[in-house]
>>> print(open('input.txt').read())   # compact mmCIF, C-alpha atoms
# COMPACT_ATOMS: atom_id res chain seq x y z
CA MET A 1074 19.84 33.78 -10.59
CA THR A 1075 22.93 34.50 -8.50
CA ALA A 1076 24.61 31.10 -8.07
CA SER A 1077 28.01 30.91 -9.68
CA PRO A 1078 29.27 27.65 -11.18
CA SER A 1079 32.75 28.61 -10.07
CA THR A 1080 31.78 28.02 -6.43
CA GLN A 1081 30.75 24.42 -7.03
CA LYS A 1082 33.13 21.51 -6.41
CA THR A 1083 32.09 20.04 -9.76
CA PRO A 1084 31.37 23.15 -11.85
CA ARG A 1085 30.81 21.41 -15.16
CA ARG A 1086 28.05 19.30 -13.62
CA TYR A 1087 25.91 22.41 -13.05
CA ASP A 1088 26.61 24.20 -16.30
CA TRP A 1089 23.11 23.22 -17.36
CA VAL A 1090 21.76 25.64 -14.75
CA ASP A 1091 23.42 28.60 -16.44
CA TYR A 1092 22.27 27.34 -19.84
CA ALA A 1093 18.69 27.24 -18.53
CA LYS A 1094 19.04 30.73 -17.05
CA GLY A 1095 20.51 31.93 -20.34
CA ILE A 1096 17.51 30.65 -22.27
CA ALA A 1097 15.08 32.17 -19.77
CA ILE A 1098 16.73 35.60 -19.62
CA PHE A 1099 16.98 35.75 -23.41
CA LEU A 1100 13.23 35.16 -23.59
CA VAL A 1101 12.65 37.87 -20.98
CA VAL A 1102 14.64 40.38 -23.05
CA TYR A 1103 12.76 39.21 -26.15
CA ARG A 1104 9.40 39.99 -24.55
CA HIS A 1105 10.30 43.37 -23.11
CA SER A 1106 12.02 44.50 -26.31
CA PHE A 1107 9.01 43.54 -28.39
CA GLU A 1108 6.53 45.09 -25.97
CA GLY A 1109 8.62 48.26 -26.02
CA LEU A 1110 8.27 48.47 -29.79
CA LYS A 1111 4.50 48.04 -29.56
CA ARG A 1112 4.11 50.68 -26.83
CA ALA A 1113 6.19 53.09 -28.90
CA GLY A 1114 3.61 52.79 -31.68
CA LEU A 1115 5.87 51.07 -34.19
CA ASP A 1116 4.25 48.91 -36.84
CA THR A 1117 4.59 45.40 -35.40
CA ALA A 1118 1.26 44.17 -36.80
CA HIS A 1119 2.93 43.16 -40.06
CA PHE A 1120 5.36 40.90 -38.23
CA MET A 1121 3.00 38.55 -36.44
CA GLY A 1122 5.60 35.79 -36.29
CA LEU A 1123 7.41 37.86 -33.68
CA GLU A 1124 4.17 38.30 -31.76
CA TYR A 1125 3.36 34.59 -31.87
CA ALA A 1126 6.81 33.74 -30.51
CA ASN A 1127 6.27 36.33 -27.80
CA ILE A 1128 3.09 34.55 -26.72
CA LEU A 1129 4.64 31.08 -26.87
CA PHE A 1130 7.58 32.04 -24.67
CA PHE A 1131 5.28 33.63 -22.12
CA SER A 1132 4.01 30.27 -20.86
CA PHE A 1133 7.20 28.92 -19.30
CA ARG A 1134 9.99 31.48 -19.03
CA MET A 1135 9.19 32.74 -15.52
CA PRO A 1136 8.20 29.32 -14.09
CA LEU A 1137 11.59 28.12 -15.34
CA PHE A 1138 13.37 30.76 -13.26
CA PHE A 1139 11.45 29.74 -10.13
CA ILE A 1140 12.03 26.02 -10.66
CA VAL A 1141 15.78 26.49 -11.12
CA SER A 1142 15.90 28.71 -8.02
CA GLY A 1143 14.03 26.08 -6.02
CA MET A 1144 16.62 23.44 -6.87
CA PHE A 1145 19.20 25.14 -4.66
CA LEU A 1146 16.93 26.31 -1.87
CA SER A 1147 17.19 23.42 0.58
CA SER A 1148 20.95 22.97 0.24
CA SER A 1149 21.53 26.67 0.77
CA LEU A 1150 19.15 26.74 3.73
CA ALA A 1151 20.84 23.75 5.36
CA LYS A 1152 24.25 25.34 4.90
CA ARG A 1153 23.40 28.82 6.20
CA GLY A 1154 20.48 28.44 8.60
CA LEU A 1155 17.21 30.35 8.29
CA ASN A 1156 18.30 33.82 9.45
CA THR A 1157 21.50 33.90 7.40
CA PHE A 1158 19.68 32.39 4.42
CA ILE A 1159 16.99 35.09 4.41
CA GLY A 1160 19.59 37.79 5.03
CA GLN A 1161 21.61 36.59 2.07
CA LYS A 1162 18.51 36.56 -0.14
CA ALA A 1163 17.68 40.09 0.98
CA LYS A 1164 21.16 41.19 -0.05
CA THR A 1165 21.21 39.45 -3.43
CA ILE A 1166 17.54 39.81 -4.45
CA LEU A 1167 15.68 42.41 -2.38
CA TYR A 1168 18.43 45.04 -2.43
CA PRO A 1169 18.78 45.00 -6.27
CA TYR A 1170 14.99 45.10 -6.50
CA PHE A 1171 14.61 48.35 -4.55
CA LEU A 1172 17.77 49.89 -5.99
CA TRP A 1173 17.05 49.26 -9.67
CA GLY A 1174 13.28 49.59 -9.34
CA GLY A 1175 13.68 52.99 -7.70
CA LEU A 1176 16.23 54.00 -10.30
CA GLN A 1177 13.91 53.03 -13.16
CA ILE A 1178 11.02 55.03 -11.69
CA SER A 1179 13.33 58.04 -11.23
CA VAL A 1180 14.51 57.89 -14.83
CA GLN A 1181 10.94 57.51 -16.11
CA ILE A 1182 9.88 60.58 -14.12
CA LEU A 1183 12.82 62.64 -15.38
CA LEU A 1184 12.29 61.56 -18.99
CA SER A 1185 8.49 61.50 -18.93
CA GLY A 1186 8.26 63.18 -22.32
CA VAL A 1187 10.49 60.62 -23.99
CA VAL A 1188 9.81 57.16 -22.50
CA ASN A 1189 6.62 55.10 -22.80
CA ALA A 1190 5.79 55.01 -19.08
CA SER A 1191 3.98 57.79 -17.24
CA ARG A 1192 5.28 58.07 -13.68
CA SER A 1193 4.87 60.20 -10.57
CA ALA A 1194 6.49 60.23 -7.12
CA GLU A 1195 3.65 58.07 -5.80
CA ASP A 1196 4.88 55.21 -7.96
CA TYR A 1197 7.77 54.58 -5.58
CA LEU A 1198 5.20 53.04 -3.24
CA LEU A 1199 4.41 50.44 -5.91
CA LEU A 1200 7.69 48.79 -5.01
CA LEU A 1201 6.17 47.83 -1.66
CA TYR A 1202 2.73 46.55 -2.61
CA ASP A 1203 2.29 46.32 -6.40
CA PRO A 1204 5.61 45.40 -8.05
CA LYS A 1205 3.98 44.58 -11.40
CA GLY A 1206 3.28 48.29 -11.63
CA VAL A 1207 7.06 48.70 -11.90
CA ASP A 1208 7.28 46.58 -15.03
CA GLN A 1209 9.77 43.69 -15.01
CA PHE A 1210 10.97 44.07 -11.41
CA TRP A 1211 8.03 42.16 -9.94
CA TYR A 1212 9.97 38.91 -10.38
CA LEU A 1213 12.68 39.83 -7.87
CA TYR A 1214 10.11 40.80 -5.22
CA ALA A 1215 8.15 37.61 -5.87
CA LEU A 1216 11.28 35.46 -5.77
CA PHE A 1217 12.35 36.87 -2.41
CA ASN A 1218 8.90 36.59 -0.87
CA VAL A 1219 8.27 33.05 -2.14
CA THR A 1220 11.74 31.87 -1.14
CA ALA A 1221 11.52 33.37 2.35
CA LEU A 1222 8.02 32.00 2.94
CA TYR A 1223 9.03 28.55 1.71
CA ALA A 1224 12.07 28.51 3.99
CA ILE A 1225 10.07 29.66 7.03
CA ILE A 1226 7.39 27.01 6.49
CA LYS A 1227 10.06 24.38 5.92
CA ILE A 1228 11.84 25.18 9.19
CA TYR A 1229 9.03 26.16 11.55
CA GLY A 1230 6.22 24.17 9.97
CA ARG A 1231 8.49 21.17 9.34
CA PHE A 1232 6.81 20.65 5.98
CA SER A 1233 8.36 17.95 3.83
CA VAL A 1234 8.78 18.71 0.14
CA ILE A 1235 5.61 16.73 -0.63
CA TYR A 1236 3.58 18.86 1.76
CA GLN A 1237 5.22 21.96 0.31
CA ALA A 1238 4.15 20.88 -3.17
CA GLY A 1239 0.62 20.23 -1.92
CA LEU A 1240 0.54 23.68 -0.36
CA GLY A 1241 1.86 25.14 -3.61
CA ILE A 1242 -0.93 23.50 -5.60
CA ALA A 1243 -3.55 24.89 -3.23
CA LEU A 1244 -2.06 28.39 -3.40
CA TYR A 1245 -1.78 28.18 -7.18
CA TYR A 1246 -5.49 27.45 -7.60
CA LEU A 1247 -6.32 30.14 -5.06
CA SER A 1248 -4.45 32.68 -7.22
CA ALA A 1249 -6.44 31.61 -10.29
CA PHE A 1250 -9.70 31.84 -8.34
CA ALA A 1251 -8.81 35.31 -7.06
CA THR A 1252 -8.06 36.47 -10.61
CA ARG A 1253 -11.38 35.17 -11.93
CA GLN A 1254 -13.19 36.92 -9.07
CA GLY A 1255 -11.46 40.19 -9.91
CA TRP A 1256 -9.64 40.39 -6.58
CA ASP A 1257 -6.50 42.50 -6.72
CA LEU A 1258 -4.11 40.83 -4.27
CA TYR A 1259 -1.12 42.88 -5.45
CA PHE A 1260 2.21 41.17 -4.62
CA ILE A 1261 0.45 38.39 -2.72
CA HIS A 1262 -0.90 37.05 -6.02
CA ASP A 1263 2.63 36.35 -7.24
CA VAL A 1264 3.47 34.52 -4.01
CA LEU A 1265 0.38 32.33 -4.40
CA HIS A 1266 0.93 31.77 -8.11
CA TYR A 1267 4.63 30.82 -8.12
CA TYR A 1268 5.03 28.96 -4.82
CA ILE A 1269 4.34 25.67 -6.60
CA PHE A 1270 7.27 26.17 -8.98
CA ILE A 1271 9.74 26.76 -6.14
CA ALA A 1272 8.36 23.64 -4.44
CA LEU A 1273 8.70 21.56 -7.61
CA GLY A 1274 12.26 22.78 -8.05
CA ASP A 1275 13.09 21.69 -4.50
CA TRP A 1276 11.36 18.36 -5.10
CA VAL A 1277 13.34 17.40 -8.20
CA ALA A 1278 16.65 18.89 -7.06
CA SER A 1279 18.18 15.62 -5.86
CA TYR A 1280 17.31 13.85 -9.12
CA PHE A 1281 18.93 16.52 -11.27
CA ARG A 1282 22.04 16.54 -9.10
CA GLU A 1283 22.64 12.80 -9.31
CA GLU A 1284 25.53 12.11 -11.64
CA LYS A 1285 24.00 8.80 -12.74
CA ASN A 1286 20.93 10.61 -14.15
CA ILE A 1287 22.84 13.03 -16.37
CA PRO A 1288 23.22 10.65 -19.37
CA PHE A 1289 19.45 10.21 -19.51
CA LEU A 1290 18.70 13.91 -18.99
CA SER A 1291 21.09 14.83 -21.79
CA SER A 1292 19.93 12.13 -24.19
CA PHE A 1293 18.34 12.77 -27.57
CA ARG A 1294 15.89 10.00 -26.76
CA LEU A 1295 14.42 12.17 -24.00
CA PHE A 1296 14.61 15.24 -26.23
CA PHE A 1297 12.53 13.66 -28.99
CA PHE A 1298 10.10 12.22 -26.46
CA ILE A 1299 9.36 15.65 -24.97
CA LEU A 1300 9.50 17.57 -28.27
CA PRO A 1301 5.98 16.67 -29.53
CA VAL A 1302 4.54 17.31 -26.06
CA PHE A 1303 6.19 20.72 -26.04
CA VAL A 1304 4.94 21.58 -29.54
CA LEU A 1305 1.37 20.50 -28.83
CA ALA A 1306 1.27 22.28 -25.47
CA GLN A 1307 2.66 25.54 -26.81
CA SER A 1308 0.42 25.41 -29.88
CA TYR A 1309 -2.63 25.05 -27.67
CA PHE A 1310 -1.44 27.95 -25.51
CA LEU A 1311 -0.89 30.16 -28.56
CA PHE A 1312 -4.11 29.53 -30.46
CA THR A 1313 -6.38 29.46 -27.40
CA ASN A 1314 -5.06 32.79 -26.18
CA LEU A 1315 -5.35 34.30 -29.64
CA ARG A 1316 -9.02 33.32 -29.74
CA HIS A 1317 -9.89 34.60 -26.28
CA ASP A 1318 -7.30 37.16 -25.23
CA PRO A 1319 -5.22 38.38 -28.18
CA GLU A 1320 -3.86 41.47 -26.42
CA ALA A 1321 -2.73 40.20 -23.00
CA TYR A 1322 -2.80 36.41 -23.69
CA HIS A 1323 -3.62 35.48 -20.09
CA PHE A 1324 -6.75 33.46 -20.82
CA VAL A 1325 -5.21 30.00 -20.41
CA GLU A 1326 -3.28 31.03 -17.31
CA ASP A 1327 -6.26 32.66 -15.60
CA TYR A 1328 -9.19 30.51 -16.75
CA GLN A 1329 -7.57 27.14 -17.44
CA PRO A 1330 -5.06 26.90 -14.58
CA SER A 1331 -4.69 23.12 -14.74
CA LEU A 1332 -3.79 23.22 -18.42
CA PHE A 1333 -1.50 26.19 -17.91
CA LEU A 1334 0.40 24.33 -15.19
CA LEU A 1335 0.93 21.37 -17.53
CA ILE A 1336 1.91 23.66 -20.42
CA ALA A 1337 4.37 25.58 -18.26
CA LEU A 1338 5.94 22.38 -16.91
CA ALA A 1339 6.23 20.93 -20.41
CA GLY A 1340 8.07 24.06 -21.52
CA CYS A 1341 10.34 24.03 -18.47
CA ALA A 1342 11.14 20.33 -18.92
CA PHE A 1343 12.01 20.83 -22.57
CA MET A 1344 14.28 23.80 -21.83
CA ILE A 1345 16.04 21.86 -19.07
CA VAL A 1346 16.67 18.91 -21.39
CA ILE A 1347 18.10 21.29 -24.00
CA SER A 1348 20.31 22.74 -21.27
CA PHE A 1349 21.62 19.30 -20.34
CA ILE A 1350 22.35 18.53 -24.00
CA LEU A 1351 24.27 21.81 -24.36
CA GLN A 1352 26.23 20.90 -21.24
CA ARG A 1353 26.94 17.44 -22.62
CA PHE A 1354 28.52 18.82 -25.79
CA HIS A 1355 30.09 21.88 -24.13
CA THR A 1356 28.66 24.07 -26.86
CA ALA A 1357 27.07 27.54 -27.07
CA ALA A 1358 29.26 28.81 -24.24
CA TRP A 1359 27.92 32.32 -24.92
CA LEU A 1360 24.50 31.17 -23.69
CA ARG A 1361 26.00 29.85 -20.46
CA ILE A 1362 27.80 33.17 -19.95
CA ILE A 1363 24.53 35.03 -20.45
CA GLY A 1364 22.89 32.75 -17.90
CA PHE A 1365 25.63 33.39 -15.35
CA HIS A 1366 24.98 37.15 -15.73
CA SER A 1367 21.18 36.78 -15.78
CA LEU A 1368 20.58 38.91 -12.67
CA TYR A 1369 22.54 41.85 -14.10
CA ILE A 1370 20.76 41.51 -17.43
CA TYR A 1371 17.40 41.32 -15.70
CA VAL A 1372 17.74 44.50 -13.65
CA SER A 1373 19.22 46.68 -16.40
CA HIS A 1374 17.98 45.46 -19.78
CA VAL A 1375 14.86 47.65 -19.93
CA PHE A 1376 16.98 50.78 -19.40
CA ILE A 1377 19.26 49.73 -22.20
CA THR A 1378 16.69 48.51 -24.73
CA SER A 1379 14.56 51.63 -24.21
CA THR A 1380 17.56 53.89 -24.74
CA VAL A 1381 18.65 52.03 -27.86
CA ARG A 1382 15.12 52.12 -29.28
CA ILE A 1383 14.73 55.86 -28.64
CA VAL A 1384 18.15 56.77 -30.06
CA LEU A 1385 17.73 54.64 -33.18
CA THR A 1386 14.21 55.86 -33.95
CA LYS A 1387 15.33 59.47 -33.59
CA ALA A 1388 18.17 58.63 -35.96
CA GLY A 1389 15.60 57.52 -38.54
CA ILE A 1390 15.72 53.75 -38.05
CA SER A 1391 12.13 52.54 -37.75
CA TYR A 1392 12.09 49.09 -39.34
CA PRO A 1393 10.70 46.93 -36.49
CA PRO A 1394 12.70 43.71 -37.09
CA LEU A 1395 16.00 45.61 -37.20
CA LEU A 1396 15.13 47.66 -34.11
CA PHE A 1397 14.01 44.50 -32.37
CA LEU A 1398 17.25 42.67 -33.10
CA LEU A 1399 19.41 45.58 -31.98
CA CYS A 1400 17.40 46.01 -28.79
CA ILE A 1401 17.79 42.33 -27.90
CA LEU A 1402 21.52 42.31 -28.61
CA SER A 1403 22.12 45.46 -26.61
CA GLY A 1404 19.87 44.32 -23.76
CA VAL A 1405 21.83 41.09 -23.40
CA LEU A 1406 25.40 42.12 -24.21
CA ILE A 1407 25.74 45.57 -22.64
CA PRO A 1408 24.89 44.40 -19.07
CA VAL A 1409 27.50 41.63 -19.38
CA ALA A 1410 30.11 44.12 -20.60
CA PHE A 1411 29.11 46.56 -17.86
CA TYR A 1412 29.49 43.83 -15.22
>>> encode(input="input.txt", output="structure tokens")
Amino acid sequence: MTASPSTQKTPRRYDWVDYAKGIAIFLVVYRHSFEGLKRAGLDTAHFMGLEYANILFFSFRMPLFFIVSGMFLSSSLAKRGLNTFIGQKAKTILYPYFLWGGLQISVQILLSGVVNASRSAEDYLLLLYDPKGVDQFWYLYALFNVTALYAIIKIYGRFSVIYQAGLGIALYYLSAFATRQGWDLYFIHDVLHYYIFIALGDWVASYFREEKNIPFLSSFRLFFFILPVFVLAQSYFLFTNLRHDPEAYHFVEDYQPSLFLLIALAGCAFMIVISFILQRFHTAAWLRIIGFHSLYIYVSHVFITSTVRIVLTKAGISYPPLLFLLCILSGVLIPVAFY
């Protein structure tokens, strides 16, 4: 989430990366804004279209972040060496995680009578062992841990990308098994669950970087080939979760891991193709700008959307779609302006 296209020798060639990040971070803000409205007790039940979209986006938005991150792992590791590579990741991922995670807990403690979350001083320890207890920040902790582990195994274990992918598959199914058994593995679960997506990103990196492949990746022929697969996969994800797990919609992910993996990859592939098409036509530059600032949006958007929601509701604005739109816009635009 931190690579800048301006540092590349051929910046336009990698614009698709920022488009993909822009799509993913927009969907993250969508989810957290909508969940914030629900937790605040606002009437979202009459706007089920928003809920359905929330469920659909859930299947691929975070795998997409991991895959894109994996595409630059090996090149960065080769350039910097293991120690410098991990140190750089600690600076750009782990440091913002502890800084912003600690700040969010502090604000939630100070404003306990206003915000949705109920916090105590003990919650600071969640940053070490249970990052999902600190809301959206779990991703940064998982990304650092997965990236560092992958790099260590690559260097000291001398695992090729194929062996890394095989290991990722094994860990992925282990995470699903642990969930079904009711084992709480805390942050280790995220490492097991998302290792495969980093590995797949590393695996396909060379293909996506080849100039000769860009015309195919940005073709409408590929777009319309993947489109029905995407629609069918996401429809299955939506309706199956609604039947079995309408509140948390984790049924497919936890109890049908093979299908979830295919559904997630179909969603990621479709978003990447869209990103290549946007790059081809040099359009929707605002989305690319959002993607470039995705890290800053990620760490601060919950602060901003929560504040906007609270201020607007106290001002008498309670119509969920309007609140939702304003929360999304503020959660995306204010961090960019602040940066």
>>> residues_around(input="input.txt", residues="stretch 1246-1258 of chain A", least_positions_apart="3", cutoff="12 Å", atoms="only C-alpha atoms", output="short mmCIF file (atom, residue, chain, number, x, y, z; two decimals) with C-alpha atoms, keeping the file's coordinate frame")
data_model
loop_
_atom_site.label_atom_id
_atom_site.label_comp_id
_atom_site.auth_asym_id
_atom_site.auth_seq_id
_atom_site.Cartn_x
_atom_site.Cartn_y
_atom_site.Cartn_z
CA TYR A 1202 2.73 46.55 -2.61
CA ASP A 1203 2.29 46.32 -6.40
CA PRO A 1204 5.61 45.40 -8.05
CA LYS A 1205 3.98 44.58 -11.40
CA GLY A 1239 0.62 20.23 -1.92
CA LEU A 1240 0.54 23.68 -0.36
CA GLY A 1241 1.86 25.14 -3.61
CA ILE A 1242 -0.93 23.50 -5.60
CA ALA A 1243 -3.55 24.89 -3.23
CA ILE A 1261 0.45 38.39 -2.72
CA HIS A 1262 -0.90 37.05 -6.02
CA ASP A 1263 2.63 36.35 -7.24
CA VAL A 1264 3.47 34.52 -4.01
CA LEU A 1265 0.38 32.33 -4.40
CA HIS A 1266 0.93 31.77 -8.11
CA TYR A 1267 4.63 30.82 -8.12
CA TYR A 1268 5.03 28.96 -4.82
CA ILE A 1269 4.34 25.67 -6.60
CA HIS A 1323 -3.62 35.48 -20.09
CA PHE A 1324 -6.75 33.46 -20.82
CA VAL A 1325 -5.21 30.00 -20.41
CA GLU A 1326 -3.28 31.03 -17.31
CA ASP A 1327 -6.26 32.66 -15.60
CA TYR A 1328 -9.19 30.51 -16.75
CA GLN A 1329 -7.57 27.14 -17.44
CA PRO A 1330 -5.06 26.90 -14.58
CA SER A 1331 -4.69 23.12 -14.74
CA LEU A 1332 -3.79 23.22 -18.42
CA PHE A 1333 -1.50 26.19 -17.91
CA LEU A 1334 0.40 24.33 -15.19
#
>>> residues_around(input="input.txt", residues="A:Ala1194", least_positions_apart="4", cutoff="10 Å", atoms="all atoms listed in the file", output="PyMOL selection string")
chain A and resi 1178-1179+1182+1198
>>> axis_aligned_box(input="input.txt", around="stretch 1233-1252 of chain A", padding_each_side="6 Å", output="lines of an AutoDock Vina configuration file")
center_x = -0.5
center_y = 26.6
center_z = -3.4
size_x = 30.5
size_y = 31.7
size_z = 26.4
>>> atom_distance(input="input.txt", atom1="atom CA of A:Ser1367", atom2="atom CA of A:Phe1270")
18.8 Å
>>> atom_distance(input="input.txt", atom1="atom CA of A:Leu1146", atom2="atom CA of A:Glu1284")
19.3 Å
>>> closest_residue(input="input.txt", among="A:His1105, A:Arg1353, A:Arg1153, A:Lys1162", to="A:Val1375", atoms="only C-alpha atoms")
A:His1105
>>> atom_distance(input="input.txt", atom1="atom CA of A:Leu1338", atom2="atom CA of A:Leu1137")
8.2 Å
>>> closest_residue(input="input.txt", among="A:Phe1260, A:Tyr1412, A:Phe1397, A:Phe1349", to="A:Val1381", atoms="only C-alpha atoms")
A:Phe1397
>>> residues_around(input="input.txt", residues="stretch 1304-1313 of chain A", least_positions_apart="4", cutoff="10 Å", atoms="only C-alpha atoms", output="number ranges by chain")
A: 1125-1133, 1299-1300, 1317-1319, 1322-1326, 1332-1333, 1335-1340, 1343
>>> closest_residue(input="input.txt", among="A:Leu1201, A:Ile1370, A:Leu1351, A:Leu1184", to="A:Ala1097", atoms="only C-alpha atoms")
A:Ile1370
>>> closest_residue(input="input.txt", among="A:Pro1394, A:Cys1341, A:Ser1193, A:Ser1233", to="A:Leu1123", atoms="only C-alpha atoms")
A:Pro1394
>>> closest_residue(input="input.txt", among="A:His1119, A:Lys1111, A:Lys1094, A:His1366", to="A:Ile1140", atoms="all atoms listed in the file")
A:Lys1094
>>> residues_around(input="input.txt", residues="stretch 1402-1407 of chain A", least_positions_apart="4", cutoff="7 Å", atoms="only C-alpha atoms", output="ChimeraX atom specification")
/A:1102,1370,1374,1377-1378,1398,1411
>>> residues_near_point(input="input.txt", point="(8.8, 48.5, -6.8)", cutoff="10 Å", atoms="all atoms listed in the file", output="short mmCIF file (atom, residue, chain, number, x, y, z; two decimals) with C-alpha atoms, in the coordinates of the input")
data_model
loop_
_atom_site.label_atom_id
_atom_site.label_comp_id
_atom_site.auth_asym_id
_atom_site.auth_seq_id
_atom_site.Cartn_x
_atom_site.Cartn_y
_atom_site.Cartn_z
CA TYR A 1170 14.99 45.10 -6.50
CA PHE A 1171 14.61 48.35 -4.55
CA LEU A 1172 17.77 49.89 -5.99
CA TRP A 1173 17.05 49.26 -9.67
CA GLY A 1174 13.28 49.59 -9.34
CA GLY A 1175 13.68 52.99 -7.70
CA LEU A 1176 16.23 54.00 -10.30
CA GLN A 1177 13.91 53.03 -13.16
CA ILE A 1178 11.02 55.03 -11.69
CA ASP A 1196 4.88 55.21 -7.96
CA TYR A 1197 7.77 54.58 -5.58
CA LEU A 1198 5.20 53.04 -3.24
CA LEU A 1199 4.41 50.44 -5.91
CA LEU A 1200 7.69 48.79 -5.01
CA LEU A 1201 6.17 47.83 -1.66
CA TYR A 1202 2.73 46.55 -2.61
CA ASP A 1203 2.29 46.32 -6.40
CA PRO A 1204 5.61 45.40 -8.05
CA LYS A 1205 3.98 44.58 -11.40
CA GLY A 1206 3.28 48.29 -11.63
CA VAL A 1207 7.06 48.70 -11.90
CA ASP A 1208 7.28 46.58 -15.03
CA GLN A 1209 9.77 43.69 -15.01
CA PHE A 1210 10.97 44.07 -11.41
CA TRP A 1211 8.03 42.16 -9.94
CA LEU A 1213 12.68 39.83 -7.87
CA TYR A 1214 10.11 40.80 -5.22
#
>>> closest_residue(input="input.txt", among="A:Leu1150, A:Ala1238, A:Val1409, A:Leu1290", to="A:Trp1359", atoms="all atoms listed in the file")
A:Val1409
>>> residues_around(input="input.txt", residues="A:Asn1286", least_positions_apart="5", cutoff="12 Å", atoms="all atoms listed in the file", output="ChimeraX atom specification")
/A:1086,1277-1281,1291-1292,1295,1346,1349
>>> closest_atom_pairs(input="input.txt", of="stretch 1110-1226 of chain A", to="stretch 1387-1391 of chain A", cutoff="12 Å", atoms="all atoms listed in the file", output="tab-separated table")
residue	atom	partner	partner_atom	distance
A:Leu1110	CA	A:Ser1391	CA	9.7
A:Ala1113	CA	A:Ser1391	CA	10.7
A:Gly1114	CA	A:Ser1391	CA	10.5
A:Leu1115	CA	A:Ser1391	CA	7.3
A:Asp1116	CA	A:Ser1391	CA	8.7
A:Thr1117	CA	A:Ser1391	CA	10.6
A:Val1187	CA	A:Lys1387	CA	10.8
>>> decode(input="input.txt", residues="stretch 1127-1132 of chain A", atoms="all heavy atoms", output="PDB file, in the first residue's frame")
ATOM      1  N   ASN A1127     -22.435  -4.654   0.502  1.00  0.00           N
ATOM      2  CA  ASN A1127     -21.465  -4.818   1.572  1.00  0.00           C
ATOM      3  C   ASN A1127     -20.986  -6.268   1.673  1.00  0.00           C
ATOM      4  O   ASN A1127     -19.795  -6.545   1.864  1.00  0.00           O
ATOM      5  CB  ASN A1127     -22.099  -4.376   2.895  1.00  0.00           C
ATOM      6  CG  ASN A1127     -21.104  -4.321   4.039  1.00  0.00           C
ATOM      7  OD1 ASN A1127     -19.916  -4.061   3.841  1.00  0.00           O
ATOM      8  ND2 ASN A1127     -21.582  -4.566   5.241  1.00  0.00           N
ATOM      9  N   ILE A1128     -21.907  -7.199   1.518  1.00  0.00           N
ATOM     10  CA  ILE A1128     -21.556  -8.621   1.575  1.00  0.00           C
ATOM     11  C   ILE A1128     -20.754  -9.020   0.344  1.00  0.00           C
ATOM     12  O   ILE A1128     -19.750  -9.748   0.449  1.00  0.00           O
ATOM     13  CB  ILE A1128     -22.837  -9.477   1.688  1.00  0.00           C
ATOM     14  CG1 ILE A1128     -23.587  -9.146   2.982  1.00  0.00           C
ATOM     15  CG2 ILE A1128     -22.492 -10.961   1.641  1.00  0.00           C
ATOM     16  CD1 ILE A1128     -24.940  -9.822   3.097  1.00  0.00           C
ATOM     17  N   LEU A1129     -21.172  -8.569  -0.827  1.00  0.00           N
ATOM     18  CA  LEU A1129     -20.474  -8.926  -2.064  1.00  0.00           C
ATOM     19  C   LEU A1129     -19.018  -8.479  -2.027  1.00  0.00           C
ATOM     20  O   LEU A1129     -18.110  -9.226  -2.379  1.00  0.00           O
ATOM     21  CB  LEU A1129     -21.181  -8.283  -3.259  1.00  0.00           C
ATOM     22  CG  LEU A1129     -22.546  -8.862  -3.649  1.00  0.00           C
ATOM     23  CD1 LEU A1129     -23.186  -8.001  -4.721  1.00  0.00           C
ATOM     24  CD2 LEU A1129     -22.402 -10.293  -4.156  1.00  0.00           C
ATOM     25  N   PHE A1130     -18.791  -7.249  -1.607  1.00  0.00           N
ATOM     26  CA  PHE A1130     -17.436  -6.704  -1.606  1.00  0.00           C
ATOM     27  C   PHE A1130     -16.535  -7.410  -0.599  1.00  0.00           C
ATOM     28  O   PHE A1130     -15.307  -7.388  -0.738  1.00  0.00           O
ATOM     29  CB  PHE A1130     -17.469  -5.204  -1.291  1.00  0.00           C
ATOM     30  CG  PHE A1130     -18.263  -4.389  -2.263  1.00  0.00           C
ATOM     31  CD1 PHE A1130     -18.873  -3.206  -1.866  1.00  0.00           C
ATOM     32  CD2 PHE A1130     -18.409  -4.787  -3.585  1.00  0.00           C
ATOM     33  CE1 PHE A1130     -19.602  -2.435  -2.757  1.00  0.00           C
ATOM     34  CE2 PHE A1130     -19.146  -4.029  -4.492  1.00  0.00           C
ATOM     35  CZ  PHE A1130     -19.743  -2.854  -4.070  1.00  0.00           C
ATOM     36  N   PHE A1131     -17.138  -8.018   0.398  1.00  0.00           N
ATOM     37  CA  PHE A1131     -16.375  -8.640   1.480  1.00  0.00           C
ATOM     38  C   PHE A1131     -15.518  -9.795   0.979  1.00  0.00           C
ATOM     39  O   PHE A1131     -14.483 -10.113   1.579  1.00  0.00           O
ATOM     40  CB  PHE A1131     -17.349  -9.144   2.555  1.00  0.00           C
ATOM     41  CG  PHE A1131     -16.683  -9.689   3.782  1.00  0.00           C
ATOM     42  CD1 PHE A1131     -16.195  -8.840   4.762  1.00  0.00           C
ATOM     43  CD2 PHE A1131     -16.544 -11.057   3.968  1.00  0.00           C
ATOM     44  CE1 PHE A1131     -15.580  -9.337   5.899  1.00  0.00           C
ATOM     45  CE2 PHE A1131     -15.931 -11.567   5.098  1.00  0.00           C
ATOM     46  CZ  PHE A1131     -15.451 -10.707   6.067  1.00  0.00           C
ATOM     47  N   SER A1132     -15.896 -10.410  -0.117  1.00  0.00           N
ATOM     48  CA  SER A1132     -15.242 -11.652  -0.542  1.00  0.00           C
ATOM     49  C   SER A1132     -13.858 -11.445  -1.136  1.00  0.00           C
ATOM     50  O   SER A1132     -13.047 -12.376  -1.118  1.00  0.00           O
ATOM     51  CB  SER A1132     -16.127 -12.382  -1.563  1.00  0.00           C
ATOM     52  OG  SER A1132     -16.201 -11.632  -2.766  1.00  0.00           O
TER      53      SER A1132
END
